[in-house]
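Novice: Provided herewith: final-v7.csv, CSV, C-alpha atoms.
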chain,number,residue,atom,x,y,z
A,2,PRO,CA,31.5,-25.6,29.3
A,3,THR,CA,32.5,-26.2,32.9
A,4,TYR,CA,33.7,-23.6,35.3
A,5,ALA,CA,35.0,-24.4,38.7
A,6,THR,CA,36.2,-22.6,41.7
A,7,MET,CA,37.9,-24.0,44.8
A,8,ASN,CA,37.4,-21.9,47.9
A,9,PRO,CA,35.5,-22.3,51.2
A,10,ARG,CA,32.4,-21.1,49.5
A,11,ILE,CA,31.7,-23.0,46.3
A,12,ALA,CA,30.3,-20.9,43.4
A,13,ALA,CA,27.8,-22.0,40.9
A,14,TYR,CA,27.4,-20.2,37.6
A,15,ALA,CA,24.3,-19.9,35.4
A,16,VAL,CA,23.9,-17.8,32.2
A,17,LEU,CA,21.1,-15.3,32.1
A,18,GLY,CA,19.1,-14.9,28.9
A,19,PHE,CA,18.3,-17.2,26.0
A,20,ARG,CA,21.3,-19.4,25.5
A,21,SER,CA,20.6,-23.1,25.6
A,22,THR,CA,23.1,-24.1,28.3
A,23,ALA,CA,24.6,-22.6,31.4
A,24,ALA,CA,27.9,-23.3,33.2
A,25,PHE,CA,27.5,-24.8,36.6
A,26,SER,CA,30.5,-25.3,38.8
A,27,SER,CA,32.2,-27.1,41.5
A,28,HIS,CA,34.4,-30.1,42.1
A,29,PRO,CA,32.3,-33.2,42.0
A,30,LEU,CA,33.9,-34.5,45.2
A,31,LEU,CA,32.5,-31.4,47.0
A,32,LEU,CA,29.2,-31.1,45.3
A,33,PRO,CA,28.2,-34.4,43.6
A,34,SER,CA,26.1,-34.4,40.5
A,35,SER,CA,26.3,-30.7,40.1
A,36,ARG,CA,28.1,-30.6,36.8
A,37,GLN,CA,25.5,-30.6,34.1
A,38,ASN,CA,24.0,-28.5,31.4
A,39,PHE,CA,20.8,-26.5,31.9
A,40,ASN,CA,18.1,-25.6,29.5
A,41,ILE,CA,17.7,-22.3,31.1
A,42,LEU,CA,14.7,-21.5,29.0
A,43,GLY,CA,12.7,-24.4,30.4
A,44,ARG,CA,12.0,-25.5,26.9
A,45,SER,CA,13.4,-27.9,24.3
A,46,VAL,CA,16.9,-27.0,23.1
A,47,THR,CA,15.8,-28.0,19.6
A,48,LYS,CA,13.7,-24.8,19.4
A,49,ASN,CA,15.1,-22.3,16.9
A,50,MET,CA,17.1,-20.0,19.2
A,51,SER,CA,17.5,-17.3,16.6
A,52,THR,CA,13.7,-16.6,16.8
A,53,LEU,CA,13.8,-16.0,20.6
A,54,THR,CA,14.0,-12.5,22.1
A,55,ASP,CA,14.5,-11.2,25.6
A,56,ASP,CA,10.8,-11.1,26.1
A,57,ASP,CA,10.7,-14.9,25.8
A,58,VAL,CA,12.9,-15.3,28.9
A,59,ASP,CA,11.3,-16.0,32.3
A,60,ILE,CA,14.3,-15.1,34.5
A,61,ALA,CA,12.5,-15.8,37.8
A,62,ALA,CA,11.5,-19.3,36.7
A,63,ASN,CA,15.0,-20.0,35.4
A,64,ILE,CA,16.8,-18.8,38.5
A,65,GLY,CA,14.3,-20.8,40.6
A,66,LEU,CA,15.1,-23.9,38.7
A,67,VAL,CA,18.9,-23.4,39.1
A,68,ARG,CA,18.5,-22.7,42.8
A,69,GLN,CA,16.5,-25.9,43.2
A,70,MET,CA,19.2,-27.9,41.5
A,71,ILE,CA,21.8,-26.3,43.8
A,72,ASP,CA,19.6,-27.2,46.9
A,73,ASP,CA,19.2,-30.8,45.7
A,74,ALA,CA,22.9,-31.1,45.1
A,75,ILE,CA,23.7,-29.7,48.6
A,76,ALA,CA,21.3,-32.1,50.2
A,77,SER,CA,22.6,-35.1,48.3
A,78,SER,CA,26.2,-34.3,49.3
A,79,GLU,CA,25.3,-33.4,52.9
A,80,ARG,CA,26.9,-30.0,52.6
A,81,GLN,CA,25.8,-27.1,54.8
A,82,SER,CA,22.8,-25.1,53.5
A,83,GLY,CA,23.9,-21.8,52.1
A,84,SER,CA,27.4,-23.0,51.3
A,85,VAL,CA,27.0,-22.5,47.6
A,86,ARG,CA,26.8,-19.1,45.9
A,87,LEU,CA,25.0,-18.6,42.6
A,88,VAL,CA,26.7,-16.2,40.3
A,89,ALA,CA,24.6,-15.1,37.3
A,90,VAL,CA,26.7,-14.7,34.2
A,91,SER,CA,25.2,-11.6,32.6
A,92,LYS,CA,27.7,-10.9,29.8
A,93,THR,CA,26.1,-9.2,26.7
A,94,LYS,CA,22.7,-9.3,28.4
A,95,PRO,CA,20.6,-6.2,28.7
A,96,LEU,CA,20.0,-4.4,32.0
A,97,GLU,CA,16.3,-5.4,31.9
A,98,LEU,CA,17.3,-9.1,32.4
A,99,LEU,CA,19.8,-8.3,35.1
A,100,GLN,CA,17.1,-6.2,36.9
A,101,ALA,CA,14.7,-9.1,36.6
A,102,ALA,CA,17.3,-11.4,38.2
A,103,TYR,CA,18.0,-8.8,40.9
A,104,GLU,CA,14.3,-8.7,41.8
A,105,THR,CA,14.4,-12.5,42.6
A,106,GLY,CA,17.1,-11.8,45.2
A,107,GLN,CA,20.1,-12.4,42.9
A,108,ARG,CA,23.0,-10.2,44.0
A,109,HIS,CA,26.2,-11.8,42.5
A,110,PHE,CA,26.7,-11.2,38.7
A,111,GLY,CA,29.6,-12.3,36.5
A,112,GLU,CA,30.9,-10.3,33.5
A,113,ASN,CA,33.5,-11.1,30.9
A,114,TYR,CA,34.3,-7.7,29.5
A,115,ALA,CA,35.7,-4.8,31.5
A,116,GLN,CA,34.0,-2.1,29.6
A,117,GLU,CA,30.6,-3.8,29.9
A,118,LEU,CA,31.0,-4.4,33.6
A,119,MET,CA,32.0,-0.7,34.2
A,120,ALA,CA,28.9,0.5,32.3
A,121,LYS,CA,26.5,-1.9,34.1
A,122,SER,CA,27.8,-1.3,37.5
A,123,SER,CA,26.7,2.3,37.4
A,124,GLU,CA,23.2,1.3,36.3
A,125,MET,CA,22.5,-1.5,38.8
A,126,PRO,CA,21.9,-1.1,42.5
A,127,ASP,CA,24.9,-0.6,44.8
A,128,ASP,CA,24.5,-3.9,46.6
A,129,VAL,CA,25.3,-5.9,43.5
A,130,ALA,CA,28.6,-7.9,43.9
A,131,TRP,CA,30.4,-8.0,40.6
A,132,HIS,CA,32.7,-10.9,39.6
A,133,PHE,CA,35.0,-10.4,36.7
A,134,ILE,CA,35.3,-13.8,35.0
A,135,GLY,CA,36.9,-13.1,31.7
A,136,PRO,CA,40.4,-12.4,30.5
A,137,LEU,CA,41.5,-9.0,31.8
A,138,GLN,CA,44.1,-7.0,30.0
A,139,SER,CA,46.6,-5.3,32.4
A,140,ASN,CA,45.8,-1.9,31.0
A,141,LYS,CA,42.2,-2.3,32.0
A,142,ALA,CA,43.0,-3.1,35.6
A,143,ALA,CA,43.2,0.4,36.9
A,144,PRO,CA,40.0,1.7,35.1
A,145,LEU,CA,38.0,-1.3,36.2
A,146,VAL,CA,38.9,-0.9,39.9
A,147,LYS,CA,38.5,2.9,39.8
A,148,THR,CA,35.2,2.9,38.0
A,149,VAL,CA,33.5,0.0,39.8
A,150,GLY,CA,35.1,0.5,43.2
A,151,LEU,CA,35.9,-2.1,45.9
A,152,ASP,CA,32.5,-1.7,47.5
A,153,LYS,CA,31.0,-3.4,44.4
A,154,LEU,CA,33.8,-5.3,42.7
A,155,ALA,CA,33.8,-8.6,44.6
A,156,CYS,CA,36.7,-10.4,42.8
A,157,ILE,CA,38.7,-11.0,39.7
A,158,GLU,CA,38.7,-14.7,38.9
A,159,THR,CA,41.2,-14.9,36.1
A,160,ILE,CA,44.6,-14.1,37.6
A,161,SER,CA,47.5,-16.1,36.0
A,162,THR,CA,50.4,-13.6,35.9
A,163,ILE,CA,52.2,-11.5,38.5
A,164,LYS,CA,52.1,-8.6,36.0
A,165,LEU,CA,48.3,-8.5,36.2
A,166,ALA,CA,48.3,-9.0,39.9
A,167,ALA,CA,50.7,-6.1,40.4
A,168,LYS,CA,48.6,-3.8,38.2
A,169,LEU,CA,45.5,-4.7,40.3
A,170,ASN,CA,47.4,-4.2,43.5
A,171,ARG,CA,48.5,-0.7,42.5
A,172,ALA,CA,44.9,0.1,41.4
A,173,VAL,CA,43.6,-1.0,44.8
A,174,ASP,CA,46.1,1.1,46.6
A,175,ALA,CA,45.1,4.1,44.5
A,176,TRP,CA,41.4,3.5,45.2
A,177,ASN,CA,42.1,3.2,48.9
A,178,GLU,CA,44.1,6.4,48.9
A,179,ALA,CA,41.2,8.2,47.3
A,180,SER,CA,38.6,6.7,49.6
A,181,SER,CA,37.8,8.1,53.0
A,182,GLY,CA,36.8,4.8,54.5
A,183,GLU,CA,38.8,1.8,55.8
A,184,ALA,CA,41.2,0.3,53.4
A,185,LYS,CA,39.9,-2.7,51.5
A,186,LYS,CA,41.4,-5.6,49.7
A,187,LEU,CA,40.4,-7.0,46.3
A,188,GLY,CA,39.6,-10.7,46.1
A,189,ILE,CA,41.2,-12.7,43.3
A,190,TYR,CA,41.3,-16.3,42.1
A,191,ILE,CA,44.3,-17.9,40.5
A,192,GLN,CA,43.4,-19.4,37.2
A,193,VAL,CA,44.8,-22.9,36.6
A,194,ASN,CA,44.9,-24.6,33.2
A,195,THR,CA,44.0,-28.1,34.3
A,196,SER,CA,43.2,-29.4,30.9
A,197,GLY,CA,46.5,-28.4,29.3
A,198,GLU,CA,44.7,-27.0,26.3
A,199,GLU,CA,46.5,-24.2,24.4
A,200,THR,CA,43.3,-22.3,24.0
A,201,LYS,CA,42.9,-22.1,27.8
A,202,SER,CA,44.6,-19.5,30.0
A,203,GLY,CA,46.0,-20.2,33.4
A,204,VAL,CA,49.1,-21.4,35.2
A,205,THR,CA,50.3,-25.1,35.0
A,206,PRO,CA,49.1,-27.2,38.0
A,207,GLY,CA,51.7,-27.9,40.6
A,208,ALA,CA,54.8,-25.8,41.3
A,209,GLU,CA,53.7,-22.9,39.1
A,210,VAL,CA,50.5,-22.4,41.1
A,211,CYS,CA,52.5,-22.4,44.4
A,212,ASP,CA,55.1,-20.0,43.0
A,213,LEU,CA,52.5,-17.5,41.8
A,214,VAL,CA,50.5,-17.7,45.1
A,215,LYS,CA,53.7,-17.1,47.0
A,216,GLN,CA,54.8,-14.2,44.8
A,217,ILE,CA,51.4,-12.5,45.0
A,218,SER,CA,51.2,-13.0,48.7
A,219,GLU,CA,54.6,-11.3,49.2
A,220,GLU,CA,54.3,-8.6,46.6
A,221,CYS,CA,50.6,-7.7,46.4
A,222,PRO,CA,49.4,-7.1,50.0
A,223,SER,CA,46.2,-5.3,48.7
A,224,LEU,CA,45.0,-8.5,47.1
A,225,SER,CA,43.3,-11.4,48.8
A,226,ILE,CA,43.8,-14.8,47.3
A,227,ASP,CA,40.4,-16.3,47.8
A,228,GLY,CA,40.8,-19.5,45.8
A,229,LEU,CA,41.6,-21.2,42.5
A,230,MET,CA,39.6,-21.3,39.3
A,231,THR,CA,39.7,-23.5,36.2
A,232,ILE,CA,37.8,-24.0,33.0
A,233,GLY,CA,37.9,-27.7,32.4
A,234,ALA,CA,37.8,-29.5,29.1
A,235,PRO,CA,34.3,-30.5,28.1
A,236,GLY,CA,33.4,-33.9,29.6
A,237,ASP,CA,36.6,-34.3,31.5
A,238,ASP,CA,36.0,-34.5,35.2
A,239,SER,CA,39.6,-35.2,35.9
A,240,CYS,CA,40.2,-31.4,35.6
A,241,PHE,CA,38.3,-31.0,38.8
A,242,ASP,CA,40.6,-33.6,40.5
A,243,THR,CA,43.6,-31.8,39.2
A,244,LEU,CA,42.4,-28.5,40.7
A,245,ALA,CA,41.7,-30.1,44.1
A,246,GLU,CA,45.2,-31.5,44.1
A,247,CYS,CA,46.9,-28.1,43.5
Go through the file and emit its structure as structure tokens.
Specialist:
Amino acid sequence: PTYATMNPRIAAYAVLGFRSTAAFSSHPLLLPSSRQNFNILGRSVTKNMSTLTDDDVDIAANIGLVRQMIDDAIASSERQSGSVRLVAVSKTKPLELLQAAYETGQRHFGENYAQELMAKSSEMPDDVAWHFIGPLQSNKAAPLVKTVGLDKLACIETISTIKLAAKLNRAVDAWNEASSGEAKKLGIYIQVNTSGEETKSGVTPGAEVCDLVKQISEECPSLSIDGLMTIGAPGDDSCFDTLAEC
């Protein structure tokens, strides 16, 4: 799969654990040759994956490989060093693997399920920045913000309706009211369906994106629109061009 974000700080995504591929993101015009599949085990993908366990995973080596690929892509595109952030997708992975990644210096983690993120956030160190990258039901917005908190919840990357945005805005307001510190905003990404696939969520490129951005900006002052996100069709680089044109 491909997963892209458009904002001043490009994000790259890699899956923790023993899956055979990882999603790595960014528009190719901004970070050439970055879109590729990784064998994150560092071994042949023909190996019987069902026989592997978490003990077979060398997280430090895998993350080192991905970071090297990022550095090479940055150098080849003449981008500024440090302009790409690696987000480790840790959905369904045990805390031991997350901790191993943390010990390599990894601080940004992506989760697809609200309940799992809420549980893991209380077990991992407080300086972890959590990215929610899956579909979020509106009734999970308030519990997610309240449980994880704005000190640790970096952003929600799958906003495609004003209903969800409004729910999150109210949840952020409630969190700020209960907090004694300075009021914070929650970062969000607008999800765009650049491939037109019915199986993909997101707003239609063009006017719908502008309309939603305008509505959220006017009605949800506690949210910060940090960029756009898309999950492109496999092998179709034009999805990235479509996102850049939004």
Novice: Step by step: start from the point (38.1, -23.0, 31.8) in the file's coordinates, keep every protein, DNA or RNA residue that has an atom no farther than 10 Å from it, count all atoms listed in the file, and write the set as a PyMOL selection string.
Specialist: chain A and resi 2-5+135+159+192-196+198+200-203+230-235+240
Novice: When distances are computed from only C-alpha atoms, which of A:Leu118, A:Ala172, A:Leu66, A:Leu137 shows the smallest separation from A:Thr93?
Specialist: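 Among the listed residues, A:Leu118 lies closest to A:Thr93.
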Novice: Excluding A:Met119 and its own-chain neighbours fewer than 2 positions away, which residues fall within 12 Å of it when counting all atoms listed in the file? Please give them as a list in words.
Specialist: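 Result of the neighbour search: Lys92, Glu112, Asn113, Tyr114, Ala115, Gln116, Glu117, Lys121, Ser122, Ser123, Glu124, Met125, Trp131, His132, Phe133, Lys141, Ala142, Ala143, Pro144, Leu145, Val146, Lys147, Thr148, Val149, Gly150, Lys153 and Leu154 of chain A.
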Novice: Out of A:Lys186, A:Ala245, A:Arg68, A:Ala76, which residue has the shortest atom-to-atom distance to A:Ala89 when counting only C-alpha atoms?
Specialist: A:Arg68
Novice: Rounded to one decimal in Å, what is the spacing between atom CA of A:Gln138 and atom CA of A:Ser223?
Specialist: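 Pair atom CA of A:Gln138 / atom CA of A:Ser223 returns 18.9 Å.
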Novice: In terms of the shortest atom-to-atom distance over all atoms listed in the file, which of A:Pro95, A:Gly83, A:Gly207, A:Gly188 is closest to A:Val58?
Specialist: A:Pro95
Novice: At what distance in Å, to one decimal, does atom CA of A:Glu178 lie from atom CA of A:Ala155?
Specialist: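 Straight-line distance from atom CA of A:Ala155 to atom CA of A:Glu178 works out to 18.7 Å.
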Novice: So how far away is atom CA of A:Ala179 from atom CA of A:Leu224, in Å?
Specialist: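 Taking atom CA of A:Leu224 as the start and atom CA of A:Ala179 as the end point, the length is 17.1 Å.
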Novice: Could you tell me which of A:Val88, A:Glu219, A:Glu79, A:Lys94 comes closest to A:Val129 if we count only C-alpha atoms?
Specialist: A:Val88
Novice: Residues at most 12 Å from A:Ser218, counting all atoms listed in the file, excluding those fewer than 2 positions away in the same chain, as a list in words?
Specialist: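 Non-adjacent residues within range: Ile163, Ala166, Ala167, Asn170, Ile189, Ile191, Cys211, Asp212, Leu213, Val214, Lys215, Gln216, Glu220, Cys221, Pro222, Ser223, Leu224, Ser225, Ile226 and Asp227 of chain A.
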Novice: Given the selection you just returned, output its residues as a file containing C-alpha atoms, formatted as a PDB file, in the coordinates of the input.
Specialist:
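The result, written out as again_17.pdb:
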ATOM      1  CA  ILE A 163      52.200 -11.500  38.500  1.00  0.00           C
ATOM      2  CA  ALA A 166      48.300  -9.000  39.900  1.00  0.00           C
ATOM      3  CA  ALA A 167      50.700  -6.100  40.400  1.00  0.00           C
ATOM      4  CA  ASN A 170      47.400  -4.200  43.500  1.00  0.00           C
ATOM      5  CA  ILE A 189      41.200 -12.700  43.300  1.00  0.00           C
ATOM      6  CA  ILE A 191      44.300 -17.900  40.500  1.00  0.00           C
ATOM      7  CA  CYS A 211      52.500 -22.400  44.400  1.00  0.00           C
ATOM      8  CA  ASP A 212      55.100 -20.000  43.000  1.00  0.00           C
ATOM      9  CA  LEU A 213      52.500 -17.500  41.800  1.00  0.00           C
ATOM     10  CA  VAL A 214      50.500 -17.700  45.100  1.00  0.00           C
ATOM     11  CA  LYS A 215      53.700 -17.100  47.000  1.00  0.00           C
ATOM     12  CA  GLN A 216      54.800 -14.200  44.800  1.00  0.00           C
ATOM     13  CA  GLU A 220      54.300  -8.600  46.600  1.00  0.00           C
ATOM     14  CA  CYS A 221      50.600  -7.700  46.400  1.00  0.00           C
ATOM     15  CA  PRO A 222      49.400  -7.100  50.000  1.00  0.00           C
ATOM     16  CA  SER A 223      46.200  -5.300  48.700  1.00  0.00           C
ATOM     17  CA  LEU A 224      45.000  -8.500  47.100  1.00  0.00           C
ATOM     18  CA  SER A 225      43.300 -11.400  48.800  1.00  0.00           C
ATOM     19  CA  ILE A 226      43.800 -14.800  47.300  1.00  0.00           C
ATOM     20  CA  ASP A 227      40.400 -16.300  47.800  1.00  0.00           C
TER      21      ASP A 227
END
Novice: Got a sec: who's within 7 Å of stretch 106-108 of chain A, counting all atoms listed in the file, leaving out chain neighbours fewer than 3 positions off, as a ChimeraX atom specification?
Specialist: /A:102-103,128-130
Novice: Write the selection just made, keeping C-alpha atoms, as a PDB file, keeping the file's coordinate frame?
Specialist:
ATOM      1  CA  ALA A 102      17.300 -11.400  38.200  1.00  0.00           C
ATOM      2  CA  TYR A 103      18.000  -8.800  40.900  1.00  0.00           C
ATOM      3  CA  ASP A 128      24.500  -3.900  46.600  1.00  0.00           C
ATOM      4  CA  VAL A 129      25.300  -5.900  43.500  1.00  0.00           C
ATOM      5  CA  ALA A 130      28.600  -7.900  43.900  1.00  0.00           C
TER       6      ALA A 130
END
Novice: If you count all atoms listed in the file, which residues fall within 12 Å of A:Gly182, apart from same-chain ones fewer than 4 positions away, as number ranges by chain?
Specialist: A: 151-152, 176-178
Novice: I'd like to know which of A:Asp59, A:Val85, A:Ser181, A:Leu99 is closest to A:Asp73, using only C-alpha atoms.
Specialist: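 Of the candidates, the smallest distance to A:Asp73 is held by A:Val85.
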